[in-house]
$ cat work06.tsv   # TSV, C-alpha atoms and all ligand atoms
chain	number	residue	atom	x	y	z
A	1	MET	CA	87.75	-73.78	-59.23
A	2	ARG	CA	89.56	-72.11	-62.16
A	3	VAL	CA	93.05	-73.53	-62.61
A	4	ALA	CA	95.91	-72.11	-64.70
A	5	VAL	CA	98.79	-74.33	-65.83
A	6	VAL	CA	101.79	-72.19	-66.78
A	7	GLY	CA	104.30	-74.10	-68.90
A	8	ALA	CA	101.59	-76.46	-70.14
A	9	THR	CA	103.58	-77.57	-73.20
A	10	GLY	CA	106.68	-78.65	-71.23
A	11	ALA	CA	107.67	-82.09	-69.97
A	12	VAL	CA	106.34	-81.35	-66.48
A	13	GLY	CA	103.44	-79.20	-67.73
A	14	GLN	CA	102.08	-82.06	-69.84
A	15	LEU	CA	102.23	-84.35	-66.82
A	16	LEU	CA	100.56	-81.70	-64.65
A	17	LEU	CA	97.55	-81.77	-66.97
A	18	LYS	CA	97.45	-85.58	-66.98
A	19	THR	CA	97.90	-85.78	-63.20
A	20	LEU	CA	95.09	-83.27	-62.52
A	21	GLU	CA	92.82	-85.44	-64.64
A	22	ARG	CA	94.01	-88.78	-63.27
A	23	ARG	CA	93.43	-87.66	-59.68
A	24	GLY	CA	90.06	-86.16	-60.49
A	25	PHE	CA	91.00	-82.64	-59.45
A	26	ALA	CA	87.77	-80.65	-59.08
A	27	ALA	CA	88.47	-77.90	-61.62
A	28	SER	CA	85.67	-76.13	-63.43
A	29	GLU	CA	88.18	-74.95	-66.02
A	30	ILE	CA	91.87	-75.64	-66.78
A	31	VAL	CA	93.59	-72.94	-68.83
A	32	PRO	CA	96.98	-73.71	-70.43
A	33	PHE	CA	99.67	-71.02	-70.61
A	34	ALA	CA	103.06	-71.17	-72.38
A	35	SER	CA	105.53	-68.87	-74.07
A	36	GLU	CA	104.79	-66.54	-76.98
A	37	ARG	CA	106.07	-69.34	-79.25
A	38	SER	CA	103.10	-71.55	-78.36
A	39	ALA	CA	100.41	-68.99	-77.49
A	40	GLY	CA	97.47	-69.09	-79.89
A	41	LYS	CA	97.98	-72.77	-80.74
A	42	GLU	CA	95.39	-75.36	-79.76
A	43	LEU	CA	96.29	-77.77	-76.95
A	44	PRO	CA	93.99	-80.75	-77.60
A	45	GLY	CA	91.50	-81.12	-74.77
A	46	TYR	CA	92.36	-77.75	-73.19
A	47	GLY	CA	91.62	-75.13	-75.84
A	48	VAL	CA	93.86	-72.33	-77.00
A	49	ILE	CA	97.21	-71.82	-75.24
A	50	GLN	CA	97.23	-68.41	-73.58
A	51	PRO	CA	100.09	-65.91	-73.44
A	52	LEU	CA	101.00	-64.36	-70.08
A	53	THR	CA	99.51	-60.84	-70.05
A	54	ASP	CA	98.09	-58.57	-67.35
A	55	GLU	CA	94.59	-59.51	-68.56
A	56	THR	CA	94.94	-63.28	-69.04
A	57	VAL	CA	96.23	-63.90	-65.48
A	58	GLN	CA	93.09	-62.58	-63.74
A	59	GLY	CA	90.44	-64.52	-61.86
A	60	PHE	CA	92.08	-67.90	-61.16
A	61	ASP	CA	91.76	-69.84	-57.90
A	62	ILE	CA	94.95	-71.87	-58.34
A	63	ALA	CA	97.88	-71.40	-60.73
A	64	LEU	CA	100.41	-74.22	-61.22
A	65	PHE	CA	103.75	-72.98	-62.56
A	66	SER	CA	106.36	-75.07	-64.34
A	67	ALA	CA	107.93	-72.68	-66.81
A	68	GLY	CA	111.30	-71.90	-65.26
A	69	GLY	CA	112.44	-69.53	-62.52
A	70	SER	CA	112.35	-66.28	-64.45
A	71	THR	CA	108.74	-66.81	-65.57
A	72	SER	CA	107.76	-67.57	-61.97
A	73	LYS	CA	109.58	-64.49	-60.67
A	74	ALA	CA	107.85	-62.30	-63.24
A	75	TRP	CA	104.31	-63.71	-63.13
A	76	ALA	CA	103.51	-65.62	-59.90
A	77	GLU	CA	102.67	-62.47	-57.91
A	78	LYS	CA	100.47	-61.22	-60.75
A	79	PHE	CA	98.38	-64.39	-60.56
A	80	VAL	CA	98.19	-63.91	-56.77
A	81	ALA	CA	97.05	-60.29	-57.22
A	82	GLY	CA	94.42	-61.63	-59.64
A	83	GLY	CA	93.00	-63.95	-56.95
A	84	ALA	CA	95.01	-67.18	-57.22
A	85	THR	CA	97.18	-69.20	-54.89
A	86	VAL	CA	100.29	-70.22	-56.84
A	87	VAL	CA	102.00	-73.61	-56.60
A	88	ASP	CA	105.41	-73.07	-58.14
A	89	ASN	CA	107.66	-75.82	-59.42
A	90	SER	CA	110.67	-73.55	-60.08
A	91	SER	CA	113.49	-72.52	-57.75
A	92	ALA	CA	112.35	-68.87	-57.80
A	93	TRP	CA	110.65	-68.73	-54.38
A	94	ARG	CA	111.97	-71.78	-52.53
A	95	LYS	CA	114.36	-69.92	-50.24
A	96	ASP	CA	111.91	-67.10	-49.45
A	97	GLU	CA	110.97	-67.23	-45.74
A	98	ARG	CA	107.44	-66.14	-46.61
A	99	VAL	CA	107.00	-69.06	-49.03
A	100	PRO	CA	106.54	-72.60	-47.67
A	101	LEU	CA	108.47	-75.42	-49.35
A	102	VAL	CA	106.29	-78.47	-49.10
A	103	VAL	CA	106.33	-82.21	-49.72
A	104	SER	CA	102.78	-83.43	-49.21
A	105	GLU	CA	103.67	-86.45	-47.03
A	106	VAL	CA	106.42	-84.66	-45.08
A	107	ASN	CA	105.35	-81.14	-44.02
A	108	PRO	CA	101.79	-80.51	-45.29
A	109	GLU	CA	101.06	-78.24	-42.31
A	110	ALA	CA	103.60	-75.71	-43.66
A	111	ILE	CA	101.25	-74.86	-46.52
A	112	ALA	CA	99.13	-72.67	-44.22
A	113	LEU	CA	101.85	-69.98	-44.35
A	114	ALA	CA	101.13	-69.33	-48.03
A	115	THR	CA	97.68	-67.88	-47.46
A	116	SER	CA	98.36	-66.38	-44.02
A	117	ALA	CA	99.00	-62.64	-43.48
A	118	GLU	CA	102.78	-63.30	-43.59
A	119	GLY	CA	102.59	-65.38	-46.77
A	120	ARG	CA	102.90	-64.36	-50.39
A	121	GLY	CA	100.11	-66.57	-51.73
A	122	ILE	CA	102.79	-68.85	-53.16
A	123	VAL	CA	103.73	-72.44	-52.25
A	124	SER	CA	106.99	-73.87	-53.59
A	125	ASN	CA	107.50	-77.37	-54.86
A	126	PRO	CA	111.00	-78.72	-54.08
A	127	ASN	CA	113.73	-79.53	-56.57
A	128	CYS	CA	113.18	-82.97	-58.10
A	129	THR	CA	116.37	-84.45	-56.61
A	130	THR	CA	115.70	-83.20	-53.09
A	131	MET	CA	112.12	-84.45	-53.37
A	132	VAL	CA	113.18	-88.05	-53.97
A	133	ILE	CA	115.08	-88.32	-50.68
A	134	MET	CA	112.58	-86.43	-48.50
A	135	LEU	CA	110.17	-89.33	-47.87
A	136	PRO	CA	112.76	-91.82	-46.59
A	137	LEU	CA	114.70	-89.16	-44.69
A	138	LYS	CA	111.56	-87.90	-42.93
A	139	ALA	CA	110.67	-91.47	-41.94
A	140	LEU	CA	114.17	-92.05	-40.56
A	141	HIS	CA	114.49	-88.59	-38.98
A	142	ASP	CA	111.31	-89.02	-36.93
A	143	ARG	CA	112.68	-92.24	-35.44
A	144	PHE	CA	116.45	-91.70	-35.20
A	145	GLY	CA	117.09	-87.90	-35.49
A	146	LEU	CA	118.91	-86.96	-38.70
A	147	VAL	CA	122.16	-85.05	-38.17
A	148	SER	CA	124.04	-85.22	-41.46
A	149	MET	CA	124.13	-86.83	-44.87
A	150	VAL	CA	126.37	-87.46	-47.82
A	151	ALA	CA	124.16	-87.59	-50.91
A	152	THR	CA	125.26	-88.45	-54.45
A	153	SER	CA	122.70	-88.28	-57.22
A	154	TYR	CA	122.35	-90.17	-60.48
A	155	GLN	CA	120.00	-87.81	-62.30
A	156	ALA	CA	117.97	-88.51	-65.41
A	157	ALA	CA	118.03	-86.44	-68.60
A	158	GLY	CA	114.35	-85.61	-68.05
A	159	GLY	CA	115.31	-83.49	-65.05
A	160	ALA	CA	116.34	-80.88	-67.60
A	161	GLY	CA	112.88	-80.87	-69.20
A	162	GLN	CA	111.84	-81.87	-72.71
A	163	SER	CA	115.09	-80.58	-74.20
A	164	GLY	CA	117.03	-83.01	-71.99
A	165	ILE	CA	114.90	-85.96	-73.07
A	166	ASP	CA	115.26	-84.98	-76.74
A	167	GLU	CA	119.03	-84.52	-76.48
A	168	LEU	CA	119.63	-87.96	-74.96
A	169	ALA	CA	117.24	-89.62	-77.45
A	170	GLN	CA	119.11	-88.04	-80.37
A	171	GLN	CA	122.55	-88.93	-79.00
A	172	VAL	CA	121.95	-92.61	-78.19
A	173	PRO	CA	121.80	-93.98	-81.78
A	174	VAL	CA	124.63	-91.75	-83.02
A	175	VAL	CA	127.09	-92.32	-80.19
A	176	GLY	CA	126.14	-96.00	-79.84
A	177	ALA	CA	126.42	-96.90	-83.53
A	178	ASP	CA	130.03	-98.10	-83.31
A	179	VAL	CA	130.63	-100.39	-80.35
A	180	GLU	CA	134.35	-100.81	-81.15
A	181	GLN	CA	134.73	-97.05	-80.98
A	182	LEU	CA	132.85	-96.89	-77.66
A	183	VAL	CA	135.26	-99.47	-76.25
A	184	HIS	CA	138.57	-98.16	-77.59
A	185	GLU	CA	138.14	-94.52	-78.64
A	186	GLY	CA	135.65	-92.98	-76.25
A	187	ALA	CA	136.55	-89.37	-76.94
A	188	ALA	CA	135.90	-89.86	-80.66
A	189	ALA	CA	132.52	-91.45	-79.87
A	190	ALA	CA	131.62	-88.53	-77.59
A	191	GLY	CA	132.71	-86.07	-80.26
A	192	LYS	CA	130.15	-87.32	-82.79
A	193	VAL	CA	127.45	-85.15	-81.17
A	194	THR	CA	127.43	-81.60	-79.84
A	195	PRO	CA	126.02	-81.29	-76.33
A	196	SER	CA	123.79	-78.33	-75.61
A	197	THR	CA	121.46	-78.97	-72.64
A	198	PHE	CA	124.22	-80.98	-70.92
A	199	VAL	CA	127.85	-79.88	-70.58
A	200	LYS	CA	129.22	-83.13	-72.08
A	201	THR	CA	127.89	-85.93	-74.26
A	202	LEU	CA	125.47	-87.85	-72.04
A	203	ALA	CA	124.79	-91.00	-74.10
A	204	TYR	CA	126.93	-93.96	-72.87
A	205	ASN	CA	128.45	-91.57	-70.36
A	206	VAL	CA	128.20	-90.06	-66.85
A	207	VAL	CA	128.49	-86.29	-66.40
A	208	PRO	CA	129.46	-85.07	-62.92
A	209	MET	CA	128.55	-81.42	-63.52
A	210	LEU	CA	124.98	-80.26	-63.33
A	211	GLY	CA	123.95	-76.64	-62.82
A	212	THR	CA	125.91	-73.46	-62.20
A	213	VAL	CA	129.03	-73.53	-60.04
A	214	GLY	CA	128.74	-71.46	-56.84
A	215	GLU	CA	129.83	-71.67	-53.17
A	216	LYS	CA	133.14	-73.59	-52.77
A	217	GLY	CA	132.77	-75.19	-56.22
A	218	TYR	CA	129.40	-76.81	-55.47
A	219	THR	CA	126.72	-76.34	-58.14
A	220	ASP	CA	123.39	-74.66	-57.47
A	221	GLU	CA	121.76	-78.07	-57.95
A	222	GLU	CA	123.97	-79.49	-55.17
A	223	LEU	CA	123.34	-76.55	-52.85
A	224	LYS	CA	119.58	-76.98	-53.37
A	225	MET	CA	119.89	-80.44	-51.78
A	226	ARG	CA	121.39	-78.84	-48.67
A	227	ASP	CA	119.16	-75.78	-48.41
A	228	GLU	CA	115.88	-77.42	-49.36
A	229	SER	CA	116.43	-80.49	-47.14
A	230	ARG	CA	117.01	-78.19	-44.16
A	231	LYS	CA	113.83	-76.20	-44.84
A	232	ILE	CA	111.52	-79.15	-45.58
A	233	LEU	CA	112.71	-81.35	-42.70
A	234	GLY	CA	112.95	-78.38	-40.31
A	235	ILE	CA	116.59	-79.13	-39.42
A	236	PRO	CA	118.42	-75.82	-39.98
A	237	GLU	CA	121.75	-77.23	-38.80
A	238	LEU	CA	121.62	-80.36	-41.03
A	239	THR	CA	125.06	-81.06	-42.51
A	240	VAL	CA	124.90	-82.05	-46.19
A	241	SER	CA	127.70	-83.14	-48.55
A	242	PRO	CA	126.03	-83.19	-51.99
A	243	THR	CA	127.27	-84.33	-55.41
A	244	CYS	CA	124.98	-84.22	-58.44
A	245	VAL	CA	125.69	-86.41	-61.47
A	246	ARG	CA	123.78	-86.74	-64.75
A	247	VAL	CA	123.37	-90.30	-66.08
A	248	PRO	CA	121.92	-91.51	-69.41
A	249	VAL	CA	118.52	-92.42	-67.99
A	250	MET	CA	115.41	-90.78	-69.52
A	251	VAL	CA	113.33	-90.41	-66.39
A	252	GLY	CA	113.95	-91.44	-62.77
A	253	HIS	CA	116.42	-89.84	-60.37
A	254	SER	CA	118.47	-92.05	-58.04
A	255	ILE	CA	120.32	-90.89	-54.95
A	256	GLU	CA	122.75	-92.81	-52.75
A	257	VAL	CA	122.53	-91.41	-49.23
A	258	ARG	CA	124.77	-92.04	-46.25
A	259	ALA	CA	122.71	-90.65	-43.40
A	260	THR	CA	124.02	-90.13	-39.86
A	261	PHE	CA	121.68	-89.90	-36.87
A	262	GLU	CA	121.73	-88.82	-33.24
A	263	ASN	CA	120.85	-92.37	-32.24
A	264	GLU	CA	122.11	-95.79	-33.20
A	265	VAL	CA	120.26	-97.33	-36.11
A	266	THR	CA	119.79	-100.92	-37.21
A	267	ARG	CA	118.81	-102.12	-40.67
A	268	ASP	CA	115.69	-103.90	-39.39
A	269	GLU	CA	114.40	-100.89	-37.48
A	270	ALA	CA	115.13	-98.63	-40.45
A	271	ILE	CA	113.26	-100.89	-42.85
A	272	ALA	CA	110.29	-101.02	-40.46
A	273	VAL	CA	109.88	-97.22	-40.42
A	274	LEU	CA	110.52	-96.91	-44.17
A	275	ASP	CA	107.92	-99.59	-44.86
A	276	ALA	CA	105.33	-97.82	-42.75
A	277	PHE	CA	105.73	-94.43	-44.48
A	278	PRO	CA	103.05	-93.43	-47.02
A	279	ASN	CA	103.87	-93.68	-50.74
A	280	LEU	CA	107.30	-95.16	-50.00
A	281	THR	CA	108.09	-98.72	-51.12
A	282	VAL	CA	111.02	-100.79	-49.88
A	283	GLN	CA	112.65	-102.94	-52.59
A	284	ASP	CA	115.85	-105.00	-52.70
A	285	VAL	CA	117.18	-103.28	-55.82
A	286	PRO	CA	115.25	-100.18	-56.88
A	287	THR	CA	116.09	-98.87	-60.37
A	288	PRO	CA	115.04	-95.65	-62.12
A	289	LEU	CA	113.87	-97.33	-65.32
A	290	GLU	CA	111.40	-99.43	-63.36
A	291	ALA	CA	110.27	-96.39	-61.35
A	292	ALA	CA	109.51	-94.24	-64.42
A	293	GLY	CA	105.78	-93.60	-64.67
A	294	LEU	CA	105.05	-94.59	-61.05
A	295	ASP	CA	103.91	-92.36	-58.19
A	296	GLU	CA	105.82	-94.02	-55.35
A	297	THR	CA	109.33	-93.38	-54.12
A	298	PHE	CA	111.44	-96.56	-53.87
A	299	VAL	CA	114.18	-97.26	-51.33
A	300	GLY	CA	116.57	-100.19	-51.15
A	301	ARG	CA	120.15	-101.34	-50.51
A	302	VAL	CA	119.57	-100.37	-46.89
A	303	ARG	CA	122.81	-101.14	-45.08
A	304	GLU	CA	124.20	-100.34	-41.65
A	305	ASP	CA	127.45	-98.43	-41.96
A	306	LEU	CA	130.52	-100.66	-41.79
A	307	SER	CA	132.07	-98.69	-38.92
A	308	ASP	CA	129.58	-96.16	-37.49
A	309	PRO	CA	126.54	-97.58	-35.62
A	310	LYS	CA	124.73	-94.24	-36.08
A	311	SER	CA	125.00	-94.23	-39.88
A	312	LEU	CA	123.05	-95.95	-42.62
A	313	ASN	CA	123.46	-96.25	-46.40
A	314	LEU	CA	120.42	-96.34	-48.65
A	315	PHE	CA	119.63	-96.01	-52.36
A	316	VAL	CA	116.51	-94.03	-53.24
A	317	VAL	CA	114.75	-93.85	-56.62
A	318	GLY	CA	111.78	-91.83	-57.85
A	319	ASP	CA	110.20	-90.51	-61.03
A	320	ASN	CA	111.55	-86.95	-61.22
A	321	LEU	CA	108.70	-85.77	-63.42
A	322	LEU	CA	105.94	-87.30	-61.24
A	323	LYS	CA	106.68	-87.20	-57.48
A	324	GLY	CA	109.70	-85.05	-58.31
A	325	ALA	CA	107.53	-82.42	-59.97
A	326	ALA	CA	103.99	-82.83	-61.35
A	327	LEU	CA	102.54	-85.23	-58.78
A	328	ASN	CA	103.69	-83.28	-55.74
A	329	THR	CA	102.54	-80.03	-57.39
A	330	VAL	CA	99.06	-81.49	-57.84
A	331	GLN	CA	99.10	-82.89	-54.28
A	332	LEU	CA	99.93	-79.36	-53.07
A	333	ALA	CA	97.13	-77.97	-55.23
A	334	GLU	CA	94.77	-80.46	-53.55
A	335	LEU	CA	95.88	-79.20	-50.11
A	336	VAL	CA	95.42	-75.58	-51.26
A	337	ALA	CA	92.00	-76.38	-52.71
A	338	SER	CA	90.78	-78.01	-49.51
A	339	ALA	CA	92.04	-75.03	-47.49
A	340	ARG	CA	90.19	-72.58	-49.77
A	341	VAL	CA	86.75	-74.18	-49.46
B	1	LIG	P1	106.97	-73.27	-74.81
B	1	LIG	O1	106.64	-74.68	-75.15
B	1	LIG	O2	106.06	-72.31	-75.50
B	1	LIG	O3	108.42	-72.93	-74.95
B	1	LIG	P2	110.41	-77.77	-70.28
B	1	LIG	O4	110.63	-77.77	-68.79
B	1	LIG	O5	110.00	-79.12	-70.79
B	1	LIG	O6	111.57	-77.18	-71.01
B	1	LIG	O7	109.14	-76.79	-70.54
B	1	LIG	C1	109.15	-75.42	-70.24
B	1	LIG	C2	107.73	-74.86	-70.30
B	1	LIG	O8	107.78	-73.48	-69.94
B	1	LIG	C3	107.13	-74.90	-71.70
B	1	LIG	O9	105.73	-75.07	-71.57
B	1	LIG	C4	107.46	-73.51	-72.23
B	1	LIG	O10	106.59	-73.07	-73.25
B	1	LIG	C5	107.23	-72.69	-70.99
B	1	LIG	N1	107.93	-71.40	-71.04
B	1	LIG	C6	109.24	-71.19	-71.27
B	1	LIG	N2	109.52	-69.87	-71.25
B	1	LIG	C7	108.35	-69.22	-71.00
B	1	LIG	C8	107.95	-67.86	-70.87
B	1	LIG	N3	108.84	-66.86	-70.97
B	1	LIG	N4	106.65	-67.58	-70.62
B	1	LIG	C9	105.74	-68.58	-70.51
B	1	LIG	N5	106.05	-69.89	-70.62
B	1	LIG	C10	107.32	-70.21	-70.87
$ encode --input "work06.tsv" --output "structure tokens"
Amino acid sequence: MRVAVVGATGAVGQLLLKTLERRGFAASEIVPFASERSAGKELPGYGVIQPLTDETVQGFDIALFSAGGSTSKAWAEKFVAGGATVVDNSSAWRKDERVPLVVSEVNPEAIALATSAEGRGIVSNPNCTTMVIMLPLKALHDRFGLVSMVATSYQAAGGAGQSGIDELAQQVPVVGADVEQLVHEGAAAAGKVTPSTFVKTLAYNVVPMLGTVGEKGYTDEELKMRDESRKILGIPELTVSPTCVRVPVMVGHSIEVRATFENEVTRDEAIAVLDAFPNLTVQDVPTPLEAAGLDETFVGRVREDLSDPKSLNLFVVGDNLLKGAALNTVQLAELVASARV
């Protein structure tokens, strides 16, 4: 099994390599790819980083992509033509009807489309924010019938890749140096750094704008929560009110969800189905810092709605780089690998 990792130097790419190893993925060879900036350099343990060319993309069984949408658009089909099945972590193919969008515990059967006559040889990995809520929502949907949700995210800097992690790390000591200023002159504190990955200073702050503004003022990140949830859960008419917010957390996305069902729901019944779902852990107070570096998704603050017996509030937390990206990508690669043999 020859495996390509495209974007191997990135925040997710690095974790892809580690996760393949940690889970004992049966690869005979793992070949790292990155941009022209990195090609030719040695990646310790994996040899020389390859550039993407018509020659280098030939002869793989599986190619894992985490190098942004434009790289996936340009190169995924070339890997497929060269013999590979592609598992893509970008948004490039997620809405394509010929490309399944898969969470391994939620809709693994959908993966068959990728290699069928109608498929493109590509499987998409969901957006990291959507991914975090899929496990609890699938558990609840199967029991109570999900109709609609209001979802507000608290997204980590790491969701924007290595540049997001670096930007927050650089800002924290500078913006936080003067506590008096933070308390009384916030704008001056924010002005001590120049944001680039984020639209405003993120350190000691909350930034309610994430992505590119589109339909009715919602950002593409927010619309992904609607469109991807519908596709993964198989509920085309699901009503979603999404708001995405960046918070000064390194890794670990959190989402508060108010979910409304066809049937009445009680806290005890909800906790029973959440508890029984694979790789989902019920906690009183889940936090992103404590979830960073862990494979599971955590759910807590489960509360019956104050006025609607068919609605439930819950707070969900997961590592956006692991289950939100690298772990699910490797889980999908495992499903692809077992289908190929
Ligand atoms: P490079 O390190 O050479 O820039 P992150 O999500 O952490 O920002 O990482 C993005 C990953 O995608 C990196 O491995 C980066 O490589 C890679 N990448 C970015 N642009 C391209 C491109 N045009 N072709 C191939 N790889 C790319």
$ residues_near_point --input "work06.tsv" --point "(91.9, -73.8, -62.2)" --cutoff "9 Å" --atoms "only C-alpha atoms" --output "PDB file with C-alpha atoms, in the coordinates of the input"
ATOM      1  CA  MET A   1      87.750 -73.780 -59.230  1.00  0.00           C
ATOM      2  CA  ARG A   2      89.560 -72.110 -62.160  1.00  0.00           C
ATOM      3  CA  VAL A   3      93.050 -73.530 -62.610  1.00  0.00           C
ATOM      4  CA  ALA A   4      95.910 -72.110 -64.700  1.00  0.00           C
ATOM      5  CA  VAL A   5      98.790 -74.330 -65.830  1.00  0.00           C
ATOM      6  CA  ALA A  26      87.770 -80.650 -59.080  1.00  0.00           C
ATOM      7  CA  ALA A  27      88.470 -77.900 -61.620  1.00  0.00           C
ATOM      8  CA  SER A  28      85.670 -76.130 -63.430  1.00  0.00           C
ATOM      9  CA  GLU A  29      88.180 -74.950 -66.020  1.00  0.00           C
ATOM     10  CA  ILE A  30      91.870 -75.640 -66.780  1.00  0.00           C
ATOM     11  CA  VAL A  31      93.590 -72.940 -68.830  1.00  0.00           C
ATOM     12  CA  PHE A  60      92.080 -67.900 -61.160  1.00  0.00           C
ATOM     13  CA  ASP A  61      91.760 -69.840 -57.900  1.00  0.00           C
ATOM     14  CA  ILE A  62      94.950 -71.870 -58.340  1.00  0.00           C
ATOM     15  CA  ALA A  63      97.880 -71.400 -60.730  1.00  0.00           C
ATOM     16  CA  LEU A  64     100.410 -74.220 -61.220  1.00  0.00           C
ATOM     17  CA  ALA A  84      95.010 -67.180 -57.220  1.00  0.00           C
TER      18      ALA A  84
END
$ residues_around --input "work06.tsv" --residues "stretch 230-241 of chain A" --least-positions-apart "3" --cutoff "6 Å" --atoms "only C-alpha atoms" --output "NGL selection string"
:A and (147-150 or 226-227)
$ closest_atom_pairs --input "work06.tsv" --of "stretch 218-295 of chain A" --to "stretch 125-135 of chain A" --cutoff "7 Å" --atoms "all atoms listed in the file" --output "Markdown table"
| residue | atom | partner | partner_atom | distance |
| --- | --- | --- | --- | --- |
| A:Met225 | CA | A:Thr130 | CA | 5.2 |
| A:Glu228 | CA | A:Thr130 | CA | 6.9 |
| A:Ser229 | CA | A:Thr130 | CA | 6.6 |
| A:His253 | CA | A:Thr129 | CA | 6.6 |
| A:Leu280 | CA | A:Leu135 | CA | 6.8 |
$ atom_distance --input "work06.tsv" --atom1 "atom CA of A:Phe261" --atom2 "atom CA of A:Gln283"
22.3 Å
$ residues_near_ligand --input "work06.tsv" --ligand "ligand LIG 1 (chain B)" --cutoff "9 Å" --atoms "only C-alpha atoms and all ligand atoms" --output "PyMOL selection string"
chain A and resi 6-14+32-39+49+51-52+65-68+70-72+75+158-165
$ residues_around --input "work06.tsv" --residues "A:Gln155" --least-positions-apart "3" --cutoff "9 Å" --atoms "only C-alpha atoms" --output "mmCIF file with C-alpha atoms, keeping the file's coordinate frame"
data_model
loop_
_atom_site.group_PDB
_atom_site.id
_atom_site.type_symbol
_atom_site.label_atom_id
_atom_site.label_comp_id
_atom_site.auth_asym_id
_atom_site.auth_seq_id
_atom_site.Cartn_x
_atom_site.Cartn_y
_atom_site.Cartn_z
ATOM 1 C CA THR A 129 116.370 -84.450 -56.610
ATOM 2 C CA GLY A 158 114.350 -85.610 -68.050
ATOM 3 C CA GLY A 159 115.310 -83.490 -65.050
ATOM 4 C CA CYS A 244 124.980 -84.220 -58.440
ATOM 5 C CA VAL A 245 125.690 -86.410 -61.470
ATOM 6 C CA ARG A 246 123.780 -86.740 -64.750
ATOM 7 C CA VAL A 247 123.370 -90.300 -66.080
ATOM 8 C CA PRO A 248 121.920 -91.510 -69.410
ATOM 9 C CA VAL A 249 118.520 -92.420 -67.990
ATOM 10 C CA VAL A 251 113.330 -90.410 -66.390
ATOM 11 C CA GLY A 252 113.950 -91.440 -62.770
ATOM 12 C CA HIS A 253 116.420 -89.840 -60.370
ATOM 13 C CA SER A 254 118.470 -92.050 -58.040
ATOM 14 C CA ILE A 255 120.320 -90.890 -54.950
ATOM 15 C CA ASN A 320 111.550 -86.950 -61.220
#
$ atom_distance --input "work06.tsv" --atom1 "atom CA of A:Thr152" --atom2 "atom CA of A:Pro242"
5.9 Å
$ closest_atom_pairs --input "work06.tsv" --of "stretch 78-177 of chain A" --to "stretch 194-212 of chain A" --cutoff "10 Å" --atoms "only C-alpha atoms" --output "JSON lines"
{"residue": "A:Ser153", "atom": "CA", "partner": "A:Pro208", "partner_atom": "CA", "distance": 9.4}
{"residue": "A:Tyr154", "atom": "CA", "partner": "A:Val206", "partner_atom": "CA", "distance": 8.6}
{"residue": "A:Gln155", "atom": "CA", "partner": "A:Leu210", "partner_atom": "CA", "distance": 9.1}
{"residue": "A:Ala157", "atom": "CA", "partner": "A:Leu202", "partner_atom": "CA", "distance": 8.3}
{"residue": "A:Ala160", "atom": "CA", "partner": "A:Thr197", "partner_atom": "CA", "distance": 7.4}
{"residue": "A:Gly161", "atom": "CA", "partner": "A:Thr197", "partner_atom": "CA", "distance": 9.4}
{"residue": "A:Ser163", "atom": "CA", "partner": "A:Thr197", "partner_atom": "CA", "distance": 6.8}
{"residue": "A:Gly164", "atom": "CA", "partner": "A:Thr197", "partner_atom": "CA", "distance": 6.0}
{"residue": "A:Ile165", "atom": "CA", "partner": "A:Thr197", "partner_atom": "CA", "distance": 9.6}
{"residue": "A:Asp166", "atom": "CA", "partner": "A:Thr197", "partner_atom": "CA", "distance": 9.6}
{"residue": "A:Glu167", "atom": "CA", "partner": "A:Thr197", "partner_atom": "CA", "distance": 7.2}
{"residue": "A:Leu168", "atom": "CA", "partner": "A:Ala203", "partner_atom": "CA", "distance": 6.1}
{"residue": "A:Ala169", "atom": "CA", "partner": "A:Ala203", "partner_atom": "CA", "distance": 8.4}
{"residue": "A:Gln170", "atom": "CA", "partner": "A:Ala203", "partner_atom": "CA", "distance": 9.0}
{"residue": "A:Gln171", "atom": "CA", "partner": "A:Ala203", "partner_atom": "CA", "distance": 5.8}
{"residue": "A:Val172", "atom": "CA", "partner": "A:Ala203", "partner_atom": "CA", "distance": 5.2}
{"residue": "A:Pro173", "atom": "CA", "partner": "A:Ala203", "partner_atom": "CA", "distance": 8.8}
{"residue": "A:Val174", "atom": "CA", "partner": "A:Ala203", "partner_atom": "CA", "distance": 9.0}
{"residue": "A:Val175", "atom": "CA", "partner": "A:Ala203", "partner_atom": "CA", "distance": 6.6}
{"residue": "A:Gly176", "atom": "CA", "partner": "A:Tyr204", "partner_atom": "CA", "distance": 7.3}
$ atom_distance --input "work06.tsv" --atom1 "atom CA of A:Thr297" --atom2 "atom CA of A:Asn279"
6.4 Å
$ closest_residue --input "work06.tsv" --among "A:Leu312, A:Pro278, A:Leu17, A:Ala189" --to "A:Leu43" --atoms "all atoms listed in the file"
A:Leu17
$ closest_residue --input "work06.tsv" --among "A:Thr281, A:Glu77, A:Val123, A:Arg340" --to "A:Asn328" --atoms "all atoms listed in the file"
A:Val123
$ closest_residue --input "work06.tsv" --among "A:Ala114, A:Val265, A:Leu314, A:Leu182" --to "A:Thr85" --atoms "only C-alpha atoms"
A:Ala114
$ closest_residue --input "work06.tsv" --among "A:Leu335, A:Leu140, A:Gly214, A:Leu294" --to "A:Ala276" --atoms "only C-alpha atoms"
A:Leu140
$ closest_residue --input "work06.tsv" --among "A:Thr287, A:Thr260, A:Thr266, A:Thr243" --to "A:Gly145" --atoms "only C-alpha atoms"
A:Thr260
$ residues_near_point --input "work06.tsv" --point "(103.4, -83.3, -60.8)" --cutoff "9 Å" --atoms "only C-alpha atoms" --output "list in words"
Val12, Gly13, Leu15, Leu16, Leu17, Lys18, Thr19, Leu20, Asn89, Asn320, Leu321, Leu322, Lys323, Gly324, Ala325, Ala326, Leu327, Asn328, Thr329, Val330 and Gln331 of chain A
